[in-house]
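Next up, my_file_33.txt (compact mmCIF, C-alpha atoms and all ligand atoms):
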# COMPACT_ATOMS: atom_id res chain seq x y z
CA MET A 23 95.11 49.63 31.13
CA GLY A 24 95.38 45.96 30.20
CA ARG A 25 99.02 46.12 29.13
CA VAL A 26 101.43 43.31 29.71
CA ILE A 27 104.06 44.03 32.34
CA GLY A 28 107.34 43.33 30.62
CA VAL A 29 110.92 42.93 31.74
CA LEU A 30 111.83 46.49 30.83
CA GLU A 31 109.37 48.00 33.25
CA SER A 32 111.71 46.96 36.02
CA ARG A 33 114.61 48.65 34.27
CA GLY A 34 114.63 51.17 37.06
CA PRO A 35 115.16 54.89 37.35
CA GLY A 36 114.15 57.07 34.45
CA LEU A 37 111.19 54.96 33.36
CA GLU A 38 108.61 56.62 35.57
CA ASN A 39 107.18 58.72 32.73
CA ALA A 40 107.93 56.30 29.93
CA THR A 41 105.39 55.21 27.34
CA PHE A 42 105.00 51.44 27.02
CA ASP A 43 103.86 49.32 24.10
CA SER A 44 101.45 46.41 24.39
CA LEU A 45 104.32 44.06 25.31
CA GLY A 46 105.58 46.33 28.10
CA ARG A 47 108.48 47.92 26.18
CA PRO A 48 109.15 51.63 26.71
CA VAL A 49 110.10 53.89 23.83
CA ARG A 50 113.68 55.00 24.52
CA ASP A 51 115.32 55.45 21.11
CA LEU A 52 114.30 57.27 17.97
CA ARG A 53 116.18 56.53 14.78
CA ILE A 54 115.73 59.27 12.26
CA SER A 55 116.41 58.62 8.59
CA VAL A 56 117.44 61.92 7.02
CA THR A 57 117.66 60.60 3.46
CA ASP A 58 116.98 57.41 1.52
CA ARG A 59 119.97 58.12 -0.74
CA CYS A 60 123.46 56.73 -0.42
CA ASN A 61 126.81 57.04 -2.16
CA PHE A 62 127.44 53.30 -1.61
CA SER A 63 125.54 50.34 -3.06
CA CYS A 64 126.20 47.76 -0.36
CA VAL A 65 125.14 44.38 -1.63
CA TYR A 66 123.28 43.56 1.59
CA CYS A 67 121.39 46.87 1.73
CA MET A 68 121.02 48.74 -1.58
CA PRO A 69 122.06 46.30 -4.31
CA LYS A 70 122.54 47.96 -7.68
CA GLU A 71 120.00 45.69 -9.35
CA ALA A 72 117.26 47.25 -7.21
CA PHE A 73 118.73 50.71 -6.57
CA GLY A 74 120.25 51.43 -9.98
CA PRO A 75 119.76 54.48 -12.22
CA ASP A 76 116.04 53.75 -12.63
CA HIS A 77 115.33 53.74 -8.91
CA GLN A 78 113.07 56.58 -7.77
CA PHE A 79 114.50 58.15 -4.63
CA MET A 80 112.36 60.55 -2.62
CA PRO A 81 111.98 63.96 -4.21
CA ARG A 82 113.47 66.69 -2.03
CA ALA A 83 110.07 68.24 -1.24
CA GLU A 84 108.98 64.99 0.36
CA LEU A 85 111.79 64.94 2.90
CA LEU A 86 111.02 66.32 6.32
CA THR A 87 112.69 69.68 6.86
CA PHE A 88 114.94 70.06 9.89
CA GLU A 89 112.10 71.84 11.74
CA GLU A 90 109.74 69.01 10.82
CA ILE A 91 112.21 66.48 12.27
CA THR A 92 112.86 68.44 15.44
CA ARG A 93 109.19 68.82 16.34
CA PRO A 94 108.28 65.12 16.66
CA ALA A 95 111.73 64.40 18.15
CA THR A 96 110.95 66.88 20.93
CA ILE A 97 107.58 65.22 21.52
CA PHE A 98 109.24 61.79 21.62
CA VAL A 99 111.57 63.04 24.34
CA THR A 100 108.57 63.97 26.50
CA LEU A 101 107.42 60.35 26.05
CA GLY A 102 110.67 58.88 27.35
CA VAL A 103 113.07 58.84 24.40
CA ARG A 104 116.67 59.48 25.50
CA ASN A 105 118.64 58.62 22.35
CA LEU A 106 118.25 60.14 18.91
CA ARG A 107 120.24 58.55 16.11
CA LEU A 108 120.57 60.01 12.62
CA THR A 109 120.81 57.40 9.91
CA GLY A 110 119.57 56.65 6.41
CA GLY A 111 120.58 55.92 3.61
CA GLU A 112 123.80 57.76 4.22
CA PRO A 113 123.00 60.66 6.57
CA LEU A 114 126.05 62.67 5.56
CA VAL A 115 124.96 62.91 1.91
CA ARG A 116 122.10 65.13 3.06
CA HIS A 117 123.14 68.75 2.66
CA ARG A 118 124.46 70.35 5.87
CA VAL A 119 123.38 67.91 8.56
CA ALA A 120 125.29 69.75 11.33
CA PRO A 121 122.55 72.38 11.83
CA LEU A 122 120.05 69.56 12.36
CA VAL A 123 122.38 68.04 14.96
CA ALA A 124 122.50 71.43 16.68
CA MET A 125 118.70 71.64 16.77
CA LEU A 126 118.32 68.11 18.14
CA SER A 127 121.09 68.36 20.70
CA ALA A 128 119.43 71.50 22.09
CA ILE A 129 116.52 69.32 23.29
CA PRO A 130 117.18 68.81 27.01
CA GLY A 131 117.92 65.26 28.16
CA VAL A 132 118.95 63.57 24.91
CA ASP A 133 122.09 62.12 23.37
CA VAL A 134 122.39 62.57 19.64
CA ALA A 135 124.32 59.94 17.67
CA LEU A 136 124.93 59.19 14.00
CA THR A 137 125.57 56.05 11.97
CA THR A 138 127.59 56.61 8.81
CA ASN A 139 129.53 54.72 6.17
CA GLY A 140 132.42 57.05 7.01
CA SER A 141 133.00 58.25 3.46
CA LEU A 142 132.37 61.93 4.25
CA LEU A 143 133.33 61.87 7.90
CA ALA A 144 136.86 63.20 7.53
CA GLN A 145 135.51 66.50 6.20
CA LYS A 146 132.46 66.71 8.49
CA ALA A 147 133.56 65.34 11.88
CA THR A 148 134.57 68.66 13.43
CA ALA A 149 131.39 70.50 12.42
CA LEU A 150 129.28 67.62 13.72
CA ARG A 151 131.11 67.59 17.03
CA GLN A 152 130.79 71.34 17.40
CA ALA A 153 127.06 71.04 16.68
CA GLY A 154 126.71 68.75 19.71
CA LEU A 155 126.85 65.26 18.23
CA GLY A 156 127.66 62.88 21.08
CA ARG A 157 128.63 59.65 19.36
CA VAL A 158 129.47 58.28 15.94
CA THR A 159 129.19 54.73 14.64
CA VAL A 160 131.09 53.97 11.46
CA SER A 161 130.31 50.98 9.26
CA LEU A 162 133.26 49.07 7.80
CA ASP A 163 133.05 45.51 6.53
CA ALA A 164 136.65 44.62 5.68
CA LEU A 165 140.18 45.99 5.73
CA ASP A 166 141.21 45.03 2.21
CA ASP A 167 140.02 47.01 -0.77
CA ALA A 168 139.08 43.97 -2.83
CA THR A 169 136.56 42.70 -0.26
CA PHE A 170 135.32 46.11 0.87
CA GLY A 171 135.01 47.40 -2.69
CA ALA A 172 132.99 44.35 -3.70
CA ILE A 173 130.62 44.96 -0.77
CA ASN A 174 130.14 48.72 -1.13
CA ASP A 175 130.04 48.08 -4.89
CA VAL A 176 131.37 51.52 -5.75
CA ARG A 177 135.03 50.56 -5.14
CA PHE A 178 135.25 52.93 -2.19
CA PRO A 179 138.67 52.48 -0.55
CA VAL A 180 139.13 51.31 3.03
CA ALA A 181 141.75 54.00 3.73
CA ARG A 182 139.21 56.80 3.40
CA VAL A 183 136.89 55.22 5.94
CA LEU A 184 139.85 54.78 8.30
CA ASP A 185 140.65 58.47 7.74
CA GLY A 186 137.07 59.25 8.77
CA ILE A 187 137.46 57.23 11.97
CA GLU A 188 140.71 59.02 12.75
CA ALA A 189 139.11 62.40 12.06
CA ALA A 190 136.25 61.54 14.42
CA THR A 191 138.72 60.71 17.16
CA GLY A 192 140.63 63.92 16.45
CA ALA A 193 137.40 65.93 16.57
CA GLY A 194 136.76 64.74 20.11
CA PHE A 195 134.47 61.74 19.66
CA GLY A 196 137.08 59.51 21.25
CA ALA A 197 136.52 55.84 20.60
CA VAL A 198 133.94 54.99 17.94
CA LYS A 199 131.88 51.89 17.34
CA VAL A 200 132.68 50.14 14.08
CA ASN A 201 129.84 48.10 12.58
CA MET A 202 130.78 45.11 10.45
CA VAL A 203 128.00 43.14 8.76
CA VAL A 204 129.25 39.59 8.32
CA LYS A 205 128.10 37.65 5.26
CA ARG A 206 129.36 34.09 4.86
CA GLY A 207 131.68 33.57 1.92
CA VAL A 208 131.82 37.32 1.29
CA ASN A 209 133.69 38.82 4.25
CA ASP A 210 133.76 36.28 7.05
CA ASP A 211 137.50 35.93 6.46
CA SER A 212 137.74 39.59 7.57
CA ILE A 213 136.46 38.85 11.09
CA LEU A 214 139.92 38.16 12.52
CA PRO A 215 141.74 40.96 10.64
CA MET A 216 139.11 43.44 11.90
CA ALA A 217 139.43 42.17 15.47
CA ARG A 218 143.25 42.30 15.24
CA TYR A 219 143.32 45.78 13.71
CA PHE A 220 141.02 47.47 16.21
CA ARG A 221 142.25 45.67 19.34
CA GLY A 222 144.02 48.08 21.62
CA THR A 223 142.72 51.19 19.82
CA GLY A 224 139.74 51.84 22.08
CA HIS A 225 137.40 51.51 19.08
CA ILE A 226 134.79 48.77 19.49
CA VAL A 227 134.01 46.51 16.55
CA ARG A 228 130.46 45.20 16.52
CA PHE A 229 129.98 42.15 14.35
CA ILE A 230 126.44 42.12 12.98
CA GLU A 231 124.63 39.06 11.71
CA TYR A 232 123.46 39.58 8.15
CA MET A 233 119.71 40.29 8.27
CA ASP A 234 116.77 39.81 5.91
CA VAL A 235 115.96 43.52 5.84
CA GLY A 236 113.91 44.62 2.83
CA THR A 237 113.31 42.24 -0.02
CA THR A 238 116.08 43.10 -2.47
CA ASN A 239 119.24 41.64 -0.93
CA GLY A 240 118.51 37.98 -1.70
CA TRP A 241 119.00 36.98 1.95
CA ARG A 242 119.39 33.30 2.77
CA LEU A 243 119.88 31.82 6.23
CA ASP A 244 122.98 30.03 4.95
CA ASP A 245 124.64 33.42 4.42
CA VAL A 246 124.40 34.24 8.13
CA VAL A 247 127.46 33.60 10.29
CA PRO A 248 125.98 33.04 13.75
CA ALA A 249 127.31 35.30 16.50
CA ALA A 250 128.42 32.21 18.46
CA GLU A 251 130.69 31.24 15.57
CA ILE A 252 132.09 34.77 15.29
CA ILE A 253 132.94 34.76 19.01
CA GLU A 254 134.44 31.30 18.78
CA ARG A 255 136.71 32.29 15.90
CA ILE A 256 137.99 35.39 17.69
CA ASP A 257 138.28 33.65 21.05
CA ARG A 258 140.58 31.01 19.52
CA GLU A 259 143.15 33.67 18.70
CA PHE A 260 142.35 36.28 21.36
CA PRO A 261 140.61 34.81 24.42
CA LEU A 262 137.40 36.63 25.29
CA GLN A 263 135.13 36.84 28.30
CA PRO A 264 131.54 38.08 28.32
CA VAL A 265 130.77 41.48 29.81
CA GLU A 266 127.55 42.06 31.73
CA PRO A 267 125.02 44.11 29.73
CA ARG A 268 124.81 47.73 30.82
CA TYR A 269 121.02 47.45 30.92
CA PRO A 270 118.43 44.75 30.16
CA GLY A 271 117.71 44.60 26.46
CA GLU A 272 121.09 45.93 25.27
CA VAL A 273 121.27 45.14 21.55
CA ALA A 274 124.93 44.11 21.34
CA SER A 275 126.29 41.28 23.48
CA ARG A 276 129.65 42.52 24.73
CA TYR A 277 132.91 40.66 25.26
CA ARG A 278 136.28 41.85 26.52
CA TYR A 279 139.70 40.61 25.54
CA VAL A 280 141.16 38.73 28.49
CA ASP A 281 144.52 40.45 27.91
CA GLY A 282 142.94 43.88 28.43
CA ALA A 283 143.08 45.03 24.79
CA GLY A 284 139.49 46.33 24.82
CA GLU A 285 136.14 44.92 23.87
CA ILE A 286 133.95 43.82 20.97
CA GLY A 287 130.23 43.33 20.48
CA VAL A 288 128.07 40.97 18.49
CA ILE A 289 124.59 41.79 17.30
CA ALA A 290 122.82 38.47 16.94
CA SER A 291 119.56 39.71 15.45
CA VAL A 292 118.96 36.41 13.65
CA THR A 293 120.23 33.72 16.02
CA ARG A 294 119.47 35.45 19.34
CA PRO A 295 116.71 37.98 18.66
CA PHE A 296 116.25 40.77 21.14
CA CYS A 297 112.71 41.94 20.35
CA ARG A 298 111.80 41.61 24.02
CA GLY A 299 114.11 44.52 24.77
CA CYS A 300 113.46 46.54 21.62
CA THR A 301 112.78 50.15 22.54
CA ARG A 302 113.28 51.74 19.11
CA ALA A 303 110.95 53.83 17.02
CA ARG A 304 111.91 54.87 13.50
CA LEU A 305 111.06 57.99 11.52
CA SER A 306 111.57 57.68 7.77
CA ALA A 307 112.97 60.58 5.77
CA ASP A 308 109.46 61.39 4.52
CA GLY A 309 107.98 61.42 7.99
CA GLN A 310 106.42 57.97 8.37
CA LEU A 311 106.63 56.52 11.85
CA TYR A 312 107.50 52.81 12.16
CA THR A 313 107.89 50.60 15.19
CA CYS A 314 109.92 47.77 13.63
CA LEU A 315 112.79 47.48 11.18
CA PHE A 316 110.83 44.74 9.44
CA ALA A 317 107.61 46.69 9.04
CA GLY A 318 105.46 45.32 6.26
CA ALA A 319 102.67 47.89 6.28
CA ALA A 320 102.60 51.66 5.87
CA GLY A 321 103.75 53.70 8.85
CA GLN A 322 101.88 56.41 10.74
CA ASP A 323 102.03 59.49 8.53
CA LEU A 324 103.42 62.22 10.78
CA ARG A 325 104.40 64.42 7.85
CA ALA A 326 100.79 64.99 6.85
CA ALA A 327 100.06 66.08 10.42
CA LEU A 328 103.17 68.27 10.57
CA ARG A 329 102.30 69.99 7.30
CA HIS A 330 98.66 70.63 8.09
CA GLY A 331 99.00 72.78 11.18
CA THR A 332 98.22 69.97 13.60
CA PRO A 333 98.89 71.06 17.20
CA ASP A 334 101.61 69.31 19.23
CA GLU A 335 99.06 67.64 21.48
CA ARG A 336 97.45 65.86 18.52
CA ILE A 337 100.84 64.77 17.16
CA ARG A 338 101.66 63.47 20.61
CA GLN A 339 98.42 61.44 20.56
CA LEU A 340 99.30 59.98 17.15
CA ILE A 341 102.71 58.90 18.44
CA VAL A 342 101.34 57.50 21.70
CA GLY A 343 98.61 55.64 19.81
CA THR A 344 101.18 54.09 17.47
CA TRP A 345 103.54 53.07 20.26
CA THR A 346 100.97 51.74 22.71
CA GLY A 347 99.46 49.58 19.94
CA ARG A 348 102.84 48.09 19.07
CA ARG A 349 103.20 44.31 19.10
CA ASP A 350 106.21 43.88 16.78
CA ARG A 351 108.56 40.96 17.37
CA TYR A 352 109.56 39.99 13.85
CA SER A 353 112.98 38.53 14.67
CA GLU A 354 111.49 36.25 17.30
CA ILE A 355 109.00 34.79 14.85
CA ARG A 356 111.23 34.80 11.75
CA THR A 357 110.78 31.72 9.54
CA SER A 358 111.41 31.08 5.88
CA GLN A 359 107.76 32.14 5.34
CA THR A 360 108.03 35.45 7.15
CA SER A 361 111.18 36.34 5.27
CA ALA A 362 109.21 36.04 2.03
CA ARG A 363 106.70 38.69 3.19
CA PRO A 364 106.84 42.24 1.81
CA ARG A 365 109.03 44.54 3.91
CA ILE A 366 110.17 48.14 3.78
CA GLU A 367 113.78 48.62 2.63
CA MET A 368 116.33 49.50 5.32
CA SER A 369 117.65 52.53 3.43
CA TYR A 370 114.09 53.94 3.52
CA ILE A 371 113.16 53.16 7.09
CA GLY A 372 116.58 54.00 8.54
CA GLY A 373 119.02 51.32 9.65
N1 LIG A 401 124.72 54.46 5.62
C1 LIG A 401 124.98 54.35 7.01
C2 LIG A 401 125.89 53.21 7.31
O1 LIG A 401 126.07 52.34 6.44
O2 LIG A 401 126.41 53.17 8.43
C3 LIG A 401 123.74 54.32 7.86
C4 LIG A 401 122.59 53.49 7.38
S1 LIG A 401 122.89 51.73 7.34
C5 LIG A 401 121.35 51.13 6.71
C6 LIG A 401 122.90 51.34 9.07
C7 LIG A 401 123.57 50.04 9.45
O3 LIG A 401 122.82 48.97 8.95
C8 LIG A 401 124.98 49.88 8.91
O4 LIG A 401 125.88 49.57 9.94
C9 LIG A 401 124.84 48.73 7.95
O5 LIG A 401 126.02 47.99 7.85
C10 LIG A 401 123.70 47.94 8.56
N2 LIG A 401 123.03 47.06 7.60
C11 LIG A 401 122.59 47.38 6.38
N3 LIG A 401 122.04 46.30 5.78
C12 LIG A 401 122.13 45.28 6.66
C13 LIG A 401 121.76 43.90 6.64
N4 LIG A 401 121.17 43.34 5.59
N5 LIG A 401 122.00 43.15 7.74
C14 LIG A 401 122.60 43.69 8.83
N6 LIG A 401 122.97 44.98 8.92
C15 LIG A 401 122.76 45.76 7.84
FE1 LIG A 402 124.46 52.93 2.12
FE2 LIG A 402 124.72 52.28 4.66
FE3 LIG A 402 123.08 50.87 3.10
FE4 LIG A 402 125.69 50.69 2.71
S1 LIG A 402 124.57 50.07 4.55
S2 LIG A 402 124.15 51.00 1.12
S3 LIG A 402 126.38 52.68 3.23
S4 LIG A 402 122.83 52.96 3.66
FE1 LIG A 403 112.78 45.49 17.24
FE2 LIG A 403 111.45 44.61 15.12
FE3 LIG A 403 114.10 44.17 15.34
FE4 LIG A 403 112.37 42.85 16.94
S1 LIG A 403 112.52 42.67 14.73
S2 LIG A 403 114.31 43.84 17.55
S3 LIG A 403 110.81 44.44 17.24
S4 LIG A 403 113.08 46.16 15.13
Please express what this file holds, its structure, as structure tokens.
Amino acid sequence: MGRVIGVLESRGPGLENATFDSLGRPVRDLRISVTDRCNFSCVYCMPKEAFGPDHQFMPRAELLTFEEITRPATIFVTLGVRNLRLTGGEPLVRHRVAPLVAMLSAIPGVDVALTTNGSLLAQKATALRQAGLGRVTVSLDALDDATFGAINDVRFPVARVLDGIEAATGAGFGAVKVNMVVKRGVNDDSILPMARYFRGTGHIVRFIEYMDVGTTNGWRLDDVVPAAEIIERIDREFPLQPVEPRYPGEVASRYRYVDGAGEIGVIASVTRPFCRGCTRARLSADGQLYTCLFAGAAGQDLRAALRHGTPDERIRQLIVGTWTGRRDRYSEIRTSQTSARPRIEMSYIGG
């Protein structure tokens, strides 16, 4: 077959029927963007200058229907995918997402998760849980309204996101992961307050290095607070010790508080790239299949196939062909030149 034997092939049980890319990475995760729209305008993701009133979002007819999402998702599961994650844009702004969750969670052998900005979670958590959603990740970048409002850029209050987290716990999700993107000079002074606030609650804050996704957020390397610095700052106040990864290629590096108050994670996509363990495929809201968050070229058009009566076996071949030809490792080869290249926006491809 001529494929490179990679570290993940020795990941052990469950990989017998997996589909590997040209660098030996199996496909294990499918991130599904259900909309490119959002009710926030986060400065690092959908800045108003680029996503203002004149921005053309996808017309409704272009979005995959729930049936059109479920079909390729089911095929992906036969190829080794075990985790489906709904994302966007803001997935909860799409009308009635719970029925989609129900359709996806009925596929045997998968966990269905969702990443949300939390703004609509308080009202939707119970329905999502009842539909079979397994896990929720909530994004929150600060605990004070001035900082958070300046980042989401629609003055959305912190308290309502915290209500969403509480509602998720109440609905049976238990502890949630809380994603905080750290941008130097913008919210790095919120690292310690976030650690302090969520310590002892069971919720796990994951500090994410600010990335050069898309081309509209004006990313500069100087704006990145390296994961090592984040850990150092927290460790000074609350001593930490590293936790062994649950499996090779785990995206977040985990640390536990020495005093037993729980754990945190750091996602060091810029300073410690993890392309070697990257097992994620991405389906955009209009049905394009991508194999990297930093894709520069058009994806594989699954929607055309889905809408033209293509049989499952042919769709399976399209997916296998795309994955087995994959060589992506953008974060490992990132330089100031690569970050000037054209790239798909994160809200489109699904974060
Ligand atoms: N709207 C949802 C949310 O914010 O959770 C889901 C989509 S969002 C694109 C997914 C994740 O990507 C969020 O946790 C967000 O903070 C993160 N993200 C967005 N832009 C980013 C950037 N430039 N660097 C690092 N993470 C980013
Ligand atoms: Fe919307 Fe999420 Fe992007 Fe913020 S990070 S603009 S909430 S999609
Ligand atoms: Fe995966 Fe691409 Fe990110 Fe590397 S840069 S970890 S290949 S999505």
Distance table requested - chain A against ligand LIG 403 (chain A), cut-off 6 Å, all atoms listed in the file: one row per qualifying residue with the closest atom pair and its distance in Å to one decimal, ordered by chain and rising residue number, as CSV.
residue,atom,partner,partner_atom,distance
A:Phe296,CA,A:LIG403,S2,5.1
A:Cys297,CA,A:LIG403,FE4,3.5
A:Cys300,CA,A:LIG403,FE1,4.6
A:Cys314,CA,A:LIG403,FE2,3.8
A:Leu315,CA,A:LIG403,S4,4.2
A:Phe316,CA,A:LIG403,FE2,5.7
A:Asp350,CA,A:LIG403,S3,4.7
A:Arg351,CA,A:LIG403,S3,4.1
A:Tyr352,CA,A:LIG403,S1,4.1
A:Ser353,CA,A:LIG403,S1,4.2
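Closest approach to Ala153 of chain A among A:Val265, A:Met125, A:Leu108, A:Ile366: A:Met125, based on all atoms listed in the file.
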Taking only C-alpha atoms and all ligand atoms into account, produce a table as JSON lines in which each residue of chain A with an atom at most 7 Å from an atom of ligand LIG 402 (chain A) appears once, together with its shortest atom pair and the distance in Å to one decimal, ordered by chain and rising number.
{"residue": "A:Cys60", "atom": "CA", "partner": "A:LIG402", "partner_atom": "FE1", "distance": 4.7}
{"residue": "A:Asn61", "atom": "CA", "partner": "A:LIG402", "partner_atom": "FE1", "distance": 6.4}
{"residue": "A:Phe62", "atom": "CA", "partner": "A:LIG402", "partner_atom": "FE1", "distance": 4.8}
{"residue": "A:Ser63", "atom": "CA", "partner": "A:LIG402", "partner_atom": "S2", "distance": 4.5}
{"residue": "A:Cys64", "atom": "CA", "partner": "A:LIG402", "partner_atom": "S2", "distance": 4.1}
{"residue": "A:Cys67", "atom": "CA", "partner": "A:LIG402", "partner_atom": "FE3", "distance": 4.6}
{"residue": "A:Met68", "atom": "CA", "partner": "A:LIG402", "partner_atom": "S2", "distance": 4.7}
{"residue": "A:Gly110", "atom": "CA", "partner": "A:LIG402", "partner_atom": "S4", "distance": 5.6}
{"residue": "A:Gly111", "atom": "CA", "partner": "A:LIG402", "partner_atom": "S4", "distance": 3.7}
{"residue": "A:Glu112", "atom": "CA", "partner": "A:LIG402", "partner_atom": "S4", "distance": 4.9}
{"residue": "A:Thr138", "atom": "CA", "partner": "A:LIG402", "partner_atom": "FE2", "distance": 6.6}
{"residue": "A:Asn139", "atom": "CA", "partner": "A:LIG402", "partner_atom": "S3", "distance": 4.8}
{"residue": "A:Asn174", "atom": "CA", "partner": "A:LIG402", "partner_atom": "FE4", "distance": 6.2}
{"residue": "A:Ser369", "atom": "CA", "partner": "A:LIG402", "partner_atom": "S4", "distance": 5.2}
**OP:** Using all atoms listed in the file, collect all residues at a distance of at most 12 Å from (148.2, 44.0, 26.4) as written in the file, then present them as number ranges by chain.
**Re:** A: 221-223, 260, 279-284
Subject >> Near-Leu85 of chain A list (8 Å; only C-alpha atoms; drop same-chain fewer than 4 positions) as a list in words >> reply: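 Within the cut-off, the hits are Val56, Thr57, Met80, Pro81, Ala307, Asp308 and Gly309 of chain A.
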**OP:** Check the smallest atom-to-atom distance from each of A:Gly321, A:Pro48, A:Gly299, A:Gly373 to ligand LIG 401 (chain A) using all atoms listed in the file, then report the winner.
**Re:**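 Comparing A:Gly321, A:Pro48, A:Gly299, A:Gly373 against ligand LIG 401 (chain A), the winner is A:Gly373.
Of the residues listed (A:Ala190, A:Gly236, A:Glu354, A:Arg329), A:Glu354 shows the shortest atom-to-atom separation from Val292 of chain A; distances use all atoms listed in the file.
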